[in-house]
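Asks: Take a look at this one; I'll ask things after.
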Amino acid sequence: MSLLTQSEHWQQLSQLHEQIQAEHMRDWFKQDPDRAQKMSLSACGIFLDYSKNLVNQEVMSALLGLAQDANLEVKRDAMFSGDKINHTEHRSVLHTALRNFSGAPVYEDGENVMPEIEDCLTKMQRFVHAIHSGDHLGYTGKPIKDVLAIGIGGSFLGPKIMSEALKPYQTGKVNVHFVANVDACHLQDVLAKVSPEETLVIMSSKSFSTQETLQNTLTTREWFYRSGGQKKDVAHHFVAVSSNIEAATDFGIAEDNVFPMWDWVGGRYSMWSAIGLPLALNIGFDNFRALLEGAFDMDQHFRTAPLADNMPVIMALLGIWYRNFFNAQSYVLLPYYHYLRGFPAYVQQLDMESNGKRMAGEQAVDYLTGPIVWGSEGTNGQHSFHQLLHQGTSTIPADFMLPLKVPNQHQVQHAMLASNCFAQSQALMQGKTFDEAYAELVNTSLTDTQKACLAKHKEMLGNKPSNTLLFQQLDPKTLGSLVALYEHKVFVQGIIWQVNSFDQWGVELGKVLGNQILSEINSASVTKSEFDASTAQLIDLFRQSTEE
Ligand code: F6P
């Protein structure tokens, strides 16, 4: 058994879990009218109500004990101060430096990283201004109308999803199109809509070695040449964001057109860097800066609030409670805001790529780690997968999110949206008893046996946990705080589970095998003996279809 599962707090939580099975949140709310107020807190424009969770004070104290046992505060400070906490890659983890507005230096290997970050922000600001003002023109002298942002994973999801979330703040000066997949269908669709003379291509790849991004950029450059662009014109139309400047310049991108990235920023934590350039072009530099300021505010909250009042810590501990003691396989994100519909996919990468690990230092874990993250916008899900949330057999904690005000608000529809959001968490919590379901059938023509049978199907056990996050308005600053909230939540869980939240070795094998299969597909002779029979058969079928 690991030290974690042997620890006093873990053992105590196991016992509390047994006891709590017999209780119902419905009763807790009746017994304590102040429960909601006691289990709510506000930080950085975000109001969190976590009272509809299967926790009491004893559970919360034991969970906080786990955080203390893990030396959370010391480890948190180590991250902010640039210690090499990504130990498998010997790297610091300094995405927080990208939004450090404290004026204090941040050191990595004895060097203050802030001047480079500030230079990069200035370069981004100038570039955004040049594109928006028309100072930077295409090679035929036309202004840039479209931006094609090519990247994948962390070099794509942040700018794309935050652009959608901030649609009301888009300047409209350029249309930004995002392409990630190596499936050419997407790229072709976008290229068919834009003109090479008026399109800026931003190639975002920290490593500059990601197959999808390299190939999509190559195909786009061919399209640019085919449409009349010359080698000398590439500088007007192609820029890159990468930590691999040499590879970017070898690819043909002018050195001046390369925006920097650093080893100490992980891909899924990189939207605060120049990876956010397409977003800054979409919403304007001032709004991009406000996003960084919001994240900085959440950093300050995370660093200074006592653990018991610390929003990311509370959310992380609740997640641990369900994952490790209720065996919850997943949690669901339910944004009740159309523009925030991509947020579950963003948190999916953030959480699953960070904490989907099985090694704690040199030992394999003997407890569950990162959960599956999924979800989509409300109210749509209410008419599909919410059925399973309400009556399925798994515990699936939910995070509901709703802005209280939205730009150009349609009062009638917004009230409907809010009432649906609140009703869902209420229904999950209270459920419907057998007696309540039976009472609804009293005046029907069913026999008593039929009524009893149907009432069993209509019964909802309730006691299903959820958080509700409300925002006054989801402006750039609040969105920045929201993203940083989930980053820190994932960090806290990684510390308690003792996994390295900042590497991603699990994605590497697929890349290597993909390249081997590609060369097999492209080779003239068949060497399929290297492959297992199933993979060889699939390769064969593909080759035959291309030969037809
Ligand atoms: O393959 C996983 C991954 O490395 C992610 O961690 C990263 O966000 C994405 O690919 C893109 O990587 P890059 O920015 O180096 O192209």
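Identifiers for the structure tokens are assigned positionally: chains receive A, B, ... in sequence, residues are indexed from 1 per chain, and ligands are indexed from 1 in the order shown.
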Skip stretch 190-203 of chain A itself and residues of its chain fewer than 2 positions away, then list as a list of chain:residue names all residues within 7 Å of it, counting only C-alpha atoms.
Replies: A:Gly138, A:Tyr139, A:Thr140, A:Lys142, A:Pro143, A:Ile144, A:Lys145, A:Asp146, A:Val147, A:Leu148, A:Ala149, A:Ile150, A:Gly151, A:His186, A:Leu187, A:Gln188, A:Ser205, A:Thr217, A:Phe224, A:Ser227, A:His237, A:Phe238, A:Val239, A:Ala240, A:Val241
Asks: Residues of the last selection are to be written out with C-alpha atoms, as a PDB file, in the first residue's frame.
Replies:
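Below you can see part_9.pdb, which holds the result:
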```
ATOM      1  CA  GLY A 138      -0.402  41.282 -48.007  1.00  0.00           C
ATOM      2  CA  TYR A 139       2.070  40.875 -50.877  1.00  0.00           C
ATOM      3  CA  THR A 140      -0.216  42.552 -53.406  1.00  0.00           C
ATOM      4  CA  LYS A 142      -4.199  44.390 -49.847  1.00  0.00           C
ATOM      5  CA  PRO A 143      -5.037  44.451 -46.117  1.00  0.00           C
ATOM      6  CA  ILE A 144      -5.180  41.172 -44.204  1.00  0.00           C
ATOM      7  CA  LYS A 145      -8.797  40.064 -43.935  1.00  0.00           C
ATOM      8  CA  ASP A 146      -8.419  36.448 -42.777  1.00  0.00           C
ATOM      9  CA  VAL A 147      -6.124  34.692 -40.352  1.00  0.00           C
ATOM     10  CA  LEU A 148      -5.513  30.965 -40.685  1.00  0.00           C
ATOM     11  CA  ALA A 149      -4.271  29.631 -37.361  1.00  0.00           C
ATOM     12  CA  ILE A 150      -2.664  26.195 -37.719  1.00  0.00           C
ATOM     13  CA  GLY A 151      -1.799  24.188 -34.613  1.00  0.00           C
ATOM     14  CA  HIS A 186     -10.927  20.853 -42.795  1.00  0.00           C
ATOM     15  CA  LEU A 187      -8.034  22.726 -44.374  1.00  0.00           C
ATOM     16  CA  GLN A 188      -9.568  22.475 -47.852  1.00  0.00           C
ATOM     17  CA  SER A 205       3.898  24.637 -32.706  1.00  0.00           C
ATOM     18  CA  THR A 217       1.351  24.488 -43.117  1.00  0.00           C
ATOM     19  CA  PHE A 224      -0.048  30.102 -51.567  1.00  0.00           C
ATOM     20  CA  SER A 227      -2.081  31.098 -56.275  1.00  0.00           C
ATOM     21  CA  HIS A 237       1.886  35.957 -44.981  1.00  0.00           C
ATOM     22  CA  PHE A 238       3.489  33.332 -42.746  1.00  0.00           C
ATOM     23  CA  VAL A 239       4.427  33.732 -39.099  1.00  0.00           C
ATOM     24  CA  ALA A 240       5.205  31.066 -36.513  1.00  0.00           C
ATOM     25  CA  VAL A 241       5.015  30.669 -32.762  1.00  0.00           C
TER      26      VAL A 241
END
```
Asks: Report as a Markdown table the residues of chain A within 9 Å of ligand 1, each with its shortest atom pair and distance in Å (one decimal), using only C-alpha atoms and all ligand atoms, ordered by chain and increasing residue number.
Replies:
```
| residue | atom | partner | partner_atom_place_in_ligand_line | distance |
| --- | --- | --- | --- | --- |
| A:Gly151 | CA | ligand 1 | 16 (O) | 6.2 |
| A:Ile152 | CA | ligand 1 | 11 (C) | 5.0 |
| A:Gly153 | CA | ligand 1 | 8 (O) | 4.0 |
| A:Gly154 | CA | ligand 1 | 8 (O) | 3.3 |
| A:Ser155 | CA | ligand 1 | 14 (O) | 4.8 |
| A:Phe156 | CA | ligand 1 | 8 (O) | 7.7 |
| A:Leu157 | CA | ligand 1 | 8 (O) | 8.4 |
| A:Ser204 | CA | ligand 1 | 14 (O) | 6.2 |
| A:Ser205 | CA | ligand 1 | 14 (O) | 3.4 |
| A:Lys206 | CA | ligand 1 | 14 (O) | 3.8 |
| A:Ser207 | CA | ligand 1 | 15 (O) | 3.6 |
| A:Phe208 | CA | ligand 1 | 15 (O) | 5.6 |
| A:Ser209 | CA | ligand 1 | 16 (O) | 6.2 |
| A:Thr210 | CA | ligand 1 | 16 (O) | 4.5 |
| A:Gln211 | CA | ligand 1 | 16 (O) | 7.9 |
| A:Glu212 | CA | ligand 1 | 16 (O) | 8.1 |
| A:Thr213 | CA | ligand 1 | 16 (O) | 6.4 |
| A:Leu214 | CA | ligand 1 | 16 (O) | 8.4 |
| A:Val241 | CA | ligand 1 | 14 (O) | 8.6 |
| A:Ser242 | CA | ligand 1 | 14 (O) | 7.4 |
| A:Ser243 | CA | ligand 1 | 15 (O) | 8.6 |
| A:Gly266 | CA | ligand 1 | 6 (O) | 6.9 |
| A:Gly267 | CA | ligand 1 | 8 (O) | 3.8 |
| A:Arg268 | CA | ligand 1 | 8 (O) | 5.0 |
| A:Tyr269 | CA | ligand 1 | 8 (O) | 8.2 |
| A:Ser270 | CA | ligand 1 | 8 (O) | 8.1 |
| A:Ile275 | CA | ligand 1 | 14 (O) | 8.6 |
| A:Gln349 | CA | ligand 1 | 8 (O) | 8.3 |
| A:Glu353 | CA | ligand 1 | 6 (O) | 7.2 |
| A:Asp503 | CA | ligand 1 | 6 (O) | 7.9 |
| A:Gln504 | CA | ligand 1 | 6 (O) | 6.3 |
| A:Trp505 | CA | ligand 1 | 2 (C) | 8.5 |
| A:Gly506 | CA | ligand 1 | 2 (C) | 8.7 |
| A:Val507 | CA | ligand 1 | 1 (O) | 5.4 |
| A:Glu508 | CA | ligand 1 | 1 (O) | 6.8 |
| A:Lys511 | CA | ligand 1 | 1 (O) | 7.8 |
```
Asks: Within stretch 38-234 of chain A, find each residue whose DSSP state, derived from the backbone, is strand (DSSP E), and express the selection as a VMD selection string.
Replies: chain A and resid 40 to 43 46 to 49 107 to 108 111 to 112 146 to 150 175 to 179 199 to 204
Asks: Where does stretch 53-97 of chain A meet stretch 295-300 of chain A within 12 Å, residue by residue, with the nearest atom pair and distance in Å to one decimal for each, counting only C-alpha atoms, listed by chain and rising number, as JSON lines?
Replies:
```
{"residue": "A:Arg76", "atom": "CA", "partner": "A:Asp299", "partner_atom": "CA", "distance": 10.3}
{"residue": "A:Asp77", "atom": "CA", "partner": "A:Asp299", "partner_atom": "CA", "distance": 10.9}
{"residue": "A:Met79", "atom": "CA", "partner": "A:Asp299", "partner_atom": "CA", "distance": 11.3}
{"residue": "A:Phe80", "atom": "CA", "partner": "A:Asp299", "partner_atom": "CA", "distance": 9.1}
{"residue": "A:Leu94", "atom": "CA", "partner": "A:Asp299", "partner_atom": "CA", "distance": 11.8}
{"residue": "A:His95", "atom": "CA", "partner": "A:Ala295", "partner_atom": "CA", "distance": 10.3}
{"residue": "A:Thr96", "atom": "CA", "partner": "A:Asp299", "partner_atom": "CA", "distance": 7.3}
{"residue": "A:Ala97", "atom": "CA", "partner": "A:Phe296", "partner_atom": "CA", "distance": 8.9}
```
Asks: Can I get the selected residues back with all heavy atoms, as a PDB file, in the first residue's frame?
Replies:
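Wrote it out as result-v9.pdb, contents follow:
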```
ATOM      1  N   ARG A  76       3.162  24.416  -4.299  1.00  0.00           N
ATOM      2  CA  ARG A  76       2.594  25.525  -5.076  1.00  0.00           C
ATOM      3  C   ARG A  76       3.638  26.633  -5.216  1.00  0.00           C
ATOM      4  O   ARG A  76       3.895  27.129  -6.315  1.00  0.00           O
ATOM      5  CB  ARG A  76       1.355  26.054  -4.330  1.00  0.00           C
ATOM      6  CG  ARG A  76       0.749  27.302  -4.905  1.00  0.00           C
ATOM      7  CD  ARG A  76      -0.201  27.951  -3.906  1.00  0.00           C
ATOM      8  NE  ARG A  76       0.501  28.374  -2.693  1.00  0.00           N
ATOM      9  CZ  ARG A  76      -0.097  28.688  -1.535  1.00  0.00           C
ATOM     10  NH1 ARG A  76      -1.399  28.599  -1.410  1.00  0.00           N
ATOM     11  NH2 ARG A  76       0.613  29.088  -0.491  1.00  0.00           N
ATOM     12  N   ASP A  77       4.273  26.986  -4.094  1.00  0.00           N
ATOM     13  CA  ASP A  77       5.258  28.065  -4.155  1.00  0.00           C
ATOM     14  C   ASP A  77       6.447  27.663  -5.031  1.00  0.00           C
ATOM     15  O   ASP A  77       7.023  28.494  -5.728  1.00  0.00           O
ATOM     16  CB  ASP A  77       5.715  28.463  -2.744  1.00  0.00           C
ATOM     17  CG  ASP A  77       4.546  29.056  -1.947  1.00  0.00           C
ATOM     18  OD1 ASP A  77       3.523  29.392  -2.583  1.00  0.00           O
ATOM     19  OD2 ASP A  77       4.649  29.165  -0.714  1.00  0.00           O
ATOM     20  N   MET A  79       6.303  25.854  -7.696  1.00  0.00           N
ATOM     21  CA  MET A  79       5.933  26.064  -9.102  1.00  0.00           C
ATOM     22  C   MET A  79       6.092  27.543  -9.460  1.00  0.00           C
ATOM     23  O   MET A  79       6.746  27.879 -10.455  1.00  0.00           O
ATOM     24  CB  MET A  79       4.485  25.628  -9.367  1.00  0.00           C
ATOM     25  CG  MET A  79       4.013  26.006 -10.769  1.00  0.00           C
ATOM     26  SD  MET A  79       2.377  25.391 -11.205  1.00  0.00           S
ATOM     27  CE  MET A  79       1.311  26.422 -10.226  1.00  0.00           C
ATOM     28  N   PHE A  80       5.504  28.413  -8.647  1.00  0.00           N
ATOM     29  CA  PHE A  80       5.562  29.843  -8.967  1.00  0.00           C
ATOM     30  C   PHE A  80       6.996  30.358  -8.986  1.00  0.00           C
ATOM     31  O   PHE A  80       7.297  31.321  -9.663  1.00  0.00           O
ATOM     32  CB  PHE A  80       4.722  30.644  -7.962  1.00  0.00           C
ATOM     33  CG  PHE A  80       3.246  30.628  -8.257  1.00  0.00           C
ATOM     34  CD1 PHE A  80       2.406  29.699  -7.670  1.00  0.00           C
ATOM     35  CD2 PHE A  80       2.686  31.553  -9.131  1.00  0.00           C
ATOM     36  CE1 PHE A  80       1.033  29.675  -7.942  1.00  0.00           C
ATOM     37  CE2 PHE A  80       1.312  31.547  -9.412  1.00  0.00           C
ATOM     38  CZ  PHE A  80       0.493  30.602  -8.809  1.00  0.00           C
ATOM     39  N   LEU A  94       6.321  27.430 -15.734  1.00  0.00           N
ATOM     40  CA  LEU A  94       6.167  28.866 -15.443  1.00  0.00           C
ATOM     41  C   LEU A  94       5.106  29.562 -16.288  1.00  0.00           C
ATOM     42  O   LEU A  94       5.255  30.744 -16.598  1.00  0.00           O
ATOM     43  CB  LEU A  94       7.521  29.562 -15.610  1.00  0.00           C
ATOM     44  CG  LEU A  94       8.442  29.409 -14.395  1.00  0.00           C
ATOM     45  CD1 LEU A  94       9.795  30.037 -14.649  1.00  0.00           C
ATOM     46  CD2 LEU A  94       7.809  30.022 -13.145  1.00  0.00           C
ATOM     47  N   HIS A  95       4.024  28.846 -16.611  1.00  0.00           N
ATOM     48  CA  HIS A  95       2.969  29.566 -17.349  1.00  0.00           C
ATOM     49  C   HIS A  95       2.451  30.752 -16.542  1.00  0.00           C
ATOM     50  O   HIS A  95       1.970  31.721 -17.105  1.00  0.00           O
ATOM     51  CB  HIS A  95       1.826  28.626 -17.747  1.00  0.00           C
ATOM     52  CG  HIS A  95       1.303  27.787 -16.632  1.00  0.00           C
ATOM     53  ND1 HIS A  95       1.949  26.650 -16.207  1.00  0.00           N
ATOM     54  CD2 HIS A  95       0.209  27.936 -15.845  1.00  0.00           C
ATOM     55  CE1 HIS A  95       1.261  26.125 -15.201  1.00  0.00           C
ATOM     56  NE2 HIS A  95       0.216  26.884 -14.958  1.00  0.00           N
ATOM     57  N   THR A  96       2.580  30.669 -15.211  1.00  0.00           N
ATOM     58  CA  THR A  96       2.098  31.784 -14.391  1.00  0.00           C
ATOM     59  C   THR A  96       2.956  33.045 -14.597  1.00  0.00           C
ATOM     60  O   THR A  96       2.463  34.152 -14.400  1.00  0.00           O
ATOM     61  CB  THR A  96       2.097  31.393 -12.900  1.00  0.00           C
ATOM     62  OG1 THR A  96       3.385  30.852 -12.586  1.00  0.00           O
ATOM     63  CG2 THR A  96       1.026  30.359 -12.596  1.00  0.00           C
ATOM     64  N   ALA A  97       4.217  32.861 -15.027  1.00  0.00           N
ATOM     65  CA  ALA A  97       5.059  34.042 -15.285  1.00  0.00           C
ATOM     66  C   ALA A  97       4.519  34.832 -16.488  1.00  0.00           C
ATOM     67  O   ALA A  97       4.710  36.047 -16.584  1.00  0.00           O
ATOM     68  CB  ALA A  97       6.501  33.618 -15.541  1.00  0.00           C
TER      69      ALA A  97
END
```
Asks: Mind checking which residues fall within 12 Å of A:Met1, counting only C-alpha atoms, ignoring those fewer than 2 positions away in the same chain, and posting them as a ChimeraX atom specification?
Replies: /A:3-7,10-11,363-367
Asks: So that I can check the secondary structure, give me every residue of stretch 373-411 of chain A assigned helix (DSSP H, G or I) by backbone DSSP, as a list in words.
Replies: Asn380, Gly381, Gln382, His383, His386, Gln387, Leu388, Leu389, His390, Gln391 and Gln411 of chain A
Asks: Taking all heavy atoms for each residue, export the selection above as a tab-separated table (two decimals), in the first residue's frame.
Replies:
```tsv
chain	number	residue	atom	x	y	z
A	380	ASN	N	-28.87	22.02	-24.16
A	380	ASN	CA	-28.95	20.92	-25.14
A	380	ASN	C	-28.83	19.54	-24.50
A	380	ASN	O	-29.59	18.63	-24.82
A	380	ASN	CB	-27.86	21.07	-26.21
A	380	ASN	CG	-27.92	22.40	-26.92
A	380	ASN	OD1	-28.62	23.30	-26.47
A	380	ASN	ND2	-27.21	22.53	-28.02
A	381	GLY	N	-27.85	19.40	-23.60
A	381	GLY	CA	-27.60	18.08	-22.99
A	381	GLY	C	-28.77	17.57	-22.17
A	381	GLY	O	-28.90	16.37	-21.93
A	382	GLN	N	-29.62	18.50	-21.70
A	382	GLN	CA	-30.76	18.08	-20.89
A	382	GLN	C	-31.68	17.14	-21.66
A	382	GLN	O	-32.41	16.36	-21.08
A	382	GLN	CB	-31.59	19.30	-20.46
A	382	GLN	CG	-30.87	20.17	-19.47
A	382	GLN	CD	-31.66	21.40	-19.08
A	382	GLN	OE1	-31.06	22.38	-18.68
A	382	GLN	NE2	-32.97	21.39	-19.20
A	383	HIS	N	-31.64	17.28	-22.99
A	383	HIS	CA	-32.53	16.47	-23.83
A	383	HIS	C	-31.79	15.26	-24.40
A	383	HIS	O	-32.22	14.68	-25.38
A	383	HIS	CB	-33.13	17.34	-24.93
A	383	HIS	CG	-33.88	18.49	-24.33
A	383	HIS	ND1	-35.19	18.39	-23.92
A	383	HIS	CD2	-33.46	19.73	-23.98
A	383	HIS	CE1	-35.56	19.54	-23.39
A	383	HIS	NE2	-34.52	20.37	-23.40
A	386	HIS	N	-28.30	13.96	-20.06
A	386	HIS	CA	-28.63	14.23	-18.64
A	386	HIS	C	-29.44	13.07	-18.03
A	386	HIS	O	-29.44	12.90	-16.82
A	386	HIS	CB	-29.41	15.54	-18.50
A	386	HIS	CG	-28.54	16.75	-18.56
A	386	HIS	ND1	-28.64	17.81	-17.68
A	386	HIS	CD2	-27.54	17.09	-19.41
A	386	HIS	CE1	-27.76	18.75	-17.99
A	386	HIS	NE2	-27.08	18.33	-19.05
A	387	GLN	N	-30.14	12.32	-18.87
A	387	GLN	CA	-30.88	11.14	-18.37
A	387	GLN	C	-29.94	10.28	-17.52
A	387	GLN	O	-30.28	9.87	-16.42
A	387	GLN	CB	-31.42	10.34	-19.57
A	387	GLN	CG	-31.88	8.93	-19.25
A	387	GLN	CD	-33.01	8.87	-18.22
A	387	GLN	OE1	-33.87	9.74	-18.18
A	387	GLN	NE2	-32.98	7.86	-17.37
A	388	LEU	N	-28.74	10.04	-18.06
A	388	LEU	CA	-27.79	9.17	-17.33
A	388	LEU	C	-27.30	9.86	-16.05
A	388	LEU	O	-27.08	9.21	-15.03
A	388	LEU	CB	-26.63	8.81	-18.26
A	388	LEU	CG	-25.60	7.82	-17.73
A	388	LEU	CD1	-25.11	6.91	-18.85
A	388	LEU	CD2	-24.40	8.54	-17.13
A	389	LEU	N	-27.15	11.17	-16.11
A	389	LEU	CA	-26.72	11.87	-14.89
A	389	LEU	C	-27.76	11.68	-13.79
A	389	LEU	O	-27.44	11.47	-12.63
A	389	LEU	CB	-26.56	13.38	-15.15
A	389	LEU	CG	-25.55	13.81	-16.21
A	389	LEU	CD1	-25.50	15.34	-16.31
A	389	LEU	CD2	-24.16	13.28	-15.91
A	390	HIS	N	-29.05	11.74	-14.18
A	390	HIS	CA	-30.11	11.69	-13.17
A	390	HIS	C	-30.41	10.27	-12.68
A	390	HIS	O	-30.68	10.07	-11.51
A	390	HIS	CB	-31.40	12.29	-13.75
A	390	HIS	CG	-31.31	13.79	-13.93
A	390	HIS	ND1	-31.25	14.65	-12.86
A	390	HIS	CD2	-31.26	14.56	-15.04
A	390	HIS	CE1	-31.17	15.90	-13.31
A	390	HIS	NE2	-31.17	15.88	-14.63
A	391	GLN	N	-30.39	9.31	-13.60
A	391	GLN	CA	-30.84	7.96	-13.19
A	391	GLN	C	-29.83	6.85	-13.47
A	391	GLN	O	-30.13	5.69	-13.22
A	391	GLN	CB	-32.15	7.61	-13.89
A	391	GLN	CG	-33.37	8.31	-13.28
A	391	GLN	CD	-34.67	7.74	-13.82
A	391	GLN	OE1	-34.82	7.57	-15.02
A	391	GLN	NE2	-35.62	7.45	-12.93
A	411	GLN	N	-33.85	39.04	-22.41
A	411	GLN	CA	-34.21	38.77	-21.02
A	411	GLN	C	-35.01	37.48	-20.87
A	411	GLN	O	-34.75	36.66	-19.99
A	411	GLN	CB	-34.97	39.97	-20.45
A	411	GLN	CG	-35.14	39.95	-18.94
A	411	GLN	CD	-33.83	39.63	-18.18
A	411	GLN	OE1	-32.76	40.16	-18.51
A	411	GLN	NE2	-33.89	38.75	-17.19
```
